[in-house]
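Asks: Attaching a single structure in structure tokens format; questions to follow.
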Amino acid sequence: MTTIILAIVIGGAFGVVLDRIGATNPKYALKMLALTNLHLMKTILLAIGVASVAMFAGQMAGLVDVAHMSVKTAYLGVFIGGLLLGTGWAVTGYCPGTGLSAAATGRKDALFFIAGGLLGAAAYMASYSWIKSTGILDNMFGGKATVAAVPGTDYPSLFEGLPGDIVGIVLGLGFIVIAFALPSKFVGSGDVHGTTIPAE
């Protein structure tokens, strides 16, 4: 029961943050993908960078139990799914997390997005046997593999000689630097960082 309550509290807090940074307004995502307003991109990169540095530095300091780290299995279907997700995000301005959060704020278009997602999930379940028979769900790169070796885990890595914790911290710092170095926009005219894009 405690786990469920904690999940609801953390999920609710995450939804509030998504709304505060504008991620529940599809205009932000669409302007980001059009490179006319990079506010959301900068926020995402900063969040990933800080989380990466905190997690891997915490592991090195013994504050984060490496056993809690879960590595997803690599297979061709993951890459195909990523392309489908990216296409859906570009078309609708929503990803699963922002879509649910947007629905919680009362956006009706997000309800259609959620309905479409549920329909897609149902179609995947119904066709799972056929999809599995195509081989796109077969393991790649050893299945659950990491880029560099993470101490305290049994996961195979693509580059055994690289310390995973250090690589994670370096990559995180790189994301943070990019987040601050990115301009407000690359092309065209659009709302820049610090302005408000009104909800529809």
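Order determines the names: the first chain of the structure tokens is A, the second B, and so forth; residues in each chain are numbered 1 upward, and ligands are numbered 1 upward as they are shown.
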Write out as a list in words all residues of region 37-198 of chain A that backbone DSSP assigns to strand (DSSP E or B).

Replies: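 Written out, the strand (DSSP E or B) residues of region 37-198 of chain A are Tyr75, Asn139, Thr146, Val147, Ala148, Ala149, Ser157, Leu158, Phe159, Glu160, Gly161, Leu162 and Pro163 of chain A.
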
Asks: Store the residues of this selection in a file with N, CA and C atoms, as a CSV table (one decimal), in the first residue's frame.

Replies:
```
chain,number,residue,atom,x,y,z
A,75,TYR,N,16.2,-4.6,-28.4
A,75,TYR,CA,15.8,-5.3,-29.5
A,75,TYR,C,15.3,-4.4,-30.6
A,139,ASN,N,16.6,-10.4,-28.8
A,139,ASN,CA,17.6,-9.6,-28.1
A,139,ASN,C,18.7,-9.2,-29.1
A,146,THR,N,24.8,-2.4,-21.3
A,146,THR,CA,25.0,-1.0,-21.0
A,146,THR,C,26.1,-0.6,-22.0
A,147,VAL,N,26.3,0.7,-22.1
A,147,VAL,CA,27.3,1.3,-23.0
A,147,VAL,C,28.7,1.0,-22.4
A,148,ALA,N,28.8,1.3,-21.1
A,148,ALA,CA,30.0,1.1,-20.3
A,148,ALA,C,29.7,0.2,-19.1
A,149,ALA,N,30.8,-0.4,-18.5
A,149,ALA,CA,30.6,-1.3,-17.4
A,149,ALA,C,30.2,-0.5,-16.1
A,157,SER,N,28.5,-5.0,-21.2
A,157,SER,CA,28.7,-3.7,-21.7
A,157,SER,C,29.4,-3.7,-23.1
A,158,LEU,N,29.1,-2.7,-23.9
A,158,LEU,CA,29.7,-2.6,-25.2
A,158,LEU,C,31.1,-2.2,-25.2
A,159,PHE,N,31.5,-1.4,-24.1
A,159,PHE,CA,32.9,-1.0,-23.9
A,159,PHE,C,33.3,-1.4,-22.5
A,160,GLU,N,33.9,-2.6,-22.4
A,160,GLU,CA,34.2,-3.1,-21.0
A,160,GLU,C,35.2,-2.3,-20.3
A,161,GLY,N,36.1,-1.6,-21.0
A,161,GLY,CA,37.2,-0.9,-20.3
A,161,GLY,C,36.7,0.5,-19.8
A,162,LEU,N,35.5,0.9,-20.1
A,162,LEU,CA,35.1,2.2,-19.7
A,162,LEU,C,34.3,2.1,-18.4
A,163,PRO,N,34.6,2.9,-17.4
A,163,PRO,CA,33.8,2.9,-16.1
A,163,PRO,C,32.4,3.5,-16.3
```

Asks: Name the residues in contact with Tyr155 (chain A) at a cut-off of 12 Å, using only C-alpha atoms, excluding same-chain residues fewer than 6 positions from it; report them as a list in words.

Replies: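 Once the adjacent positions are removed, what remains is Val66, Ala67, Met69, Ser70, Val71, Lys72, Thr73, Phe141, Gly142, Gly143, Lys144, Ala145, Thr146, Val147, Ala148, Ala149 and Gly164 of chain A.
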
Asks: Go ahead and write the selection's residues with N, CA and C atoms as a CSV table (one decimal), in the first residue's frame.

Replies:
```
chain,number,residue,atom,x,y,z
A,66,VAL,N,23.0,0.3,-6.4
A,66,VAL,CA,23.0,0.0,-7.9
A,66,VAL,C,22.0,-1.1,-8.2
A,67,ALA,N,21.6,-1.8,-7.2
A,67,ALA,CA,20.6,-2.9,-7.5
A,67,ALA,C,19.2,-2.3,-8.0
A,69,MET,N,18.9,0.0,-10.2
A,69,MET,CA,19.1,0.4,-11.6
A,69,MET,C,18.5,-0.8,-12.5
A,70,SER,N,17.6,-0.5,-13.4
A,70,SER,CA,17.0,-1.4,-14.3
A,70,SER,C,17.4,-1.1,-15.7
A,71,VAL,N,18.0,-2.0,-16.4
A,71,VAL,CA,18.4,-1.9,-17.8
A,71,VAL,C,17.4,-2.6,-18.7
A,72,LYS,N,16.8,-1.9,-19.6
A,72,LYS,CA,15.9,-2.5,-20.5
A,72,LYS,C,16.5,-3.3,-21.6
A,73,THR,N,15.9,-4.3,-22.0
A,73,THR,CA,16.4,-5.2,-23.1
A,73,THR,C,16.4,-4.5,-24.4
A,141,PHE,N,22.7,-7.0,-29.0
A,141,PHE,CA,23.8,-6.5,-28.1
A,141,PHE,C,23.8,-7.2,-26.8
A,142,GLY,N,23.4,-8.5,-26.7
A,142,GLY,CA,23.4,-9.2,-25.5
A,142,GLY,C,22.2,-9.0,-24.6
A,143,GLY,N,21.2,-8.4,-25.2
A,143,GLY,CA,19.9,-8.1,-24.4
A,143,GLY,C,20.0,-6.9,-23.5
A,144,LYS,N,20.1,-7.2,-22.2
A,144,LYS,CA,20.2,-6.1,-21.2
A,144,LYS,C,21.7,-5.7,-21.2
A,145,ALA,N,22.1,-4.8,-22.0
A,145,ALA,CA,23.5,-4.3,-22.1
A,145,ALA,C,23.6,-2.8,-21.8
A,146,THR,N,24.8,-2.4,-21.3
A,146,THR,CA,25.0,-1.0,-21.0
A,146,THR,C,26.1,-0.6,-22.0
A,147,VAL,N,26.3,0.7,-22.1
A,147,VAL,CA,27.3,1.3,-23.0
A,147,VAL,C,28.7,1.0,-22.4
A,148,ALA,N,28.8,1.3,-21.1
A,148,ALA,CA,30.0,1.1,-20.3
A,148,ALA,C,29.7,0.2,-19.1
A,149,ALA,N,30.8,-0.4,-18.5
A,149,ALA,CA,30.6,-1.3,-17.4
A,149,ALA,C,30.2,-0.5,-16.1
A,164,GLY,N,31.4,2.8,-16.1
A,164,GLY,CA,30.0,3.3,-16.4
A,164,GLY,C,29.6,4.5,-15.6
```

Asks: Out of A:Ile48, A:Thr36, A:Gly77, A:Leu30, which residue has the shortest atom-to-atom distance to Tyr128 (chain A) when counting only C-alpha atoms?

Replies: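 Checking each candidate against Tyr128 (chain A), we get A:Gly77 as the closest.
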
Asks: Could you tell me how far CA of Asp165 (chain A) sits from CA of Ala7 (chain A), in Å to one decimal place?

Replies: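 Between CA of Ala7 (chain A) and CA of Asp165 (chain A) the gap is 26.8 Å.
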
Asks: Determine the nearest neighbour of Gly117 (chain A) from the options A:Pro96, A:Met32, A:Ile131, A:Ile136, counting only C-alpha atoms.

Replies: A:Pro96
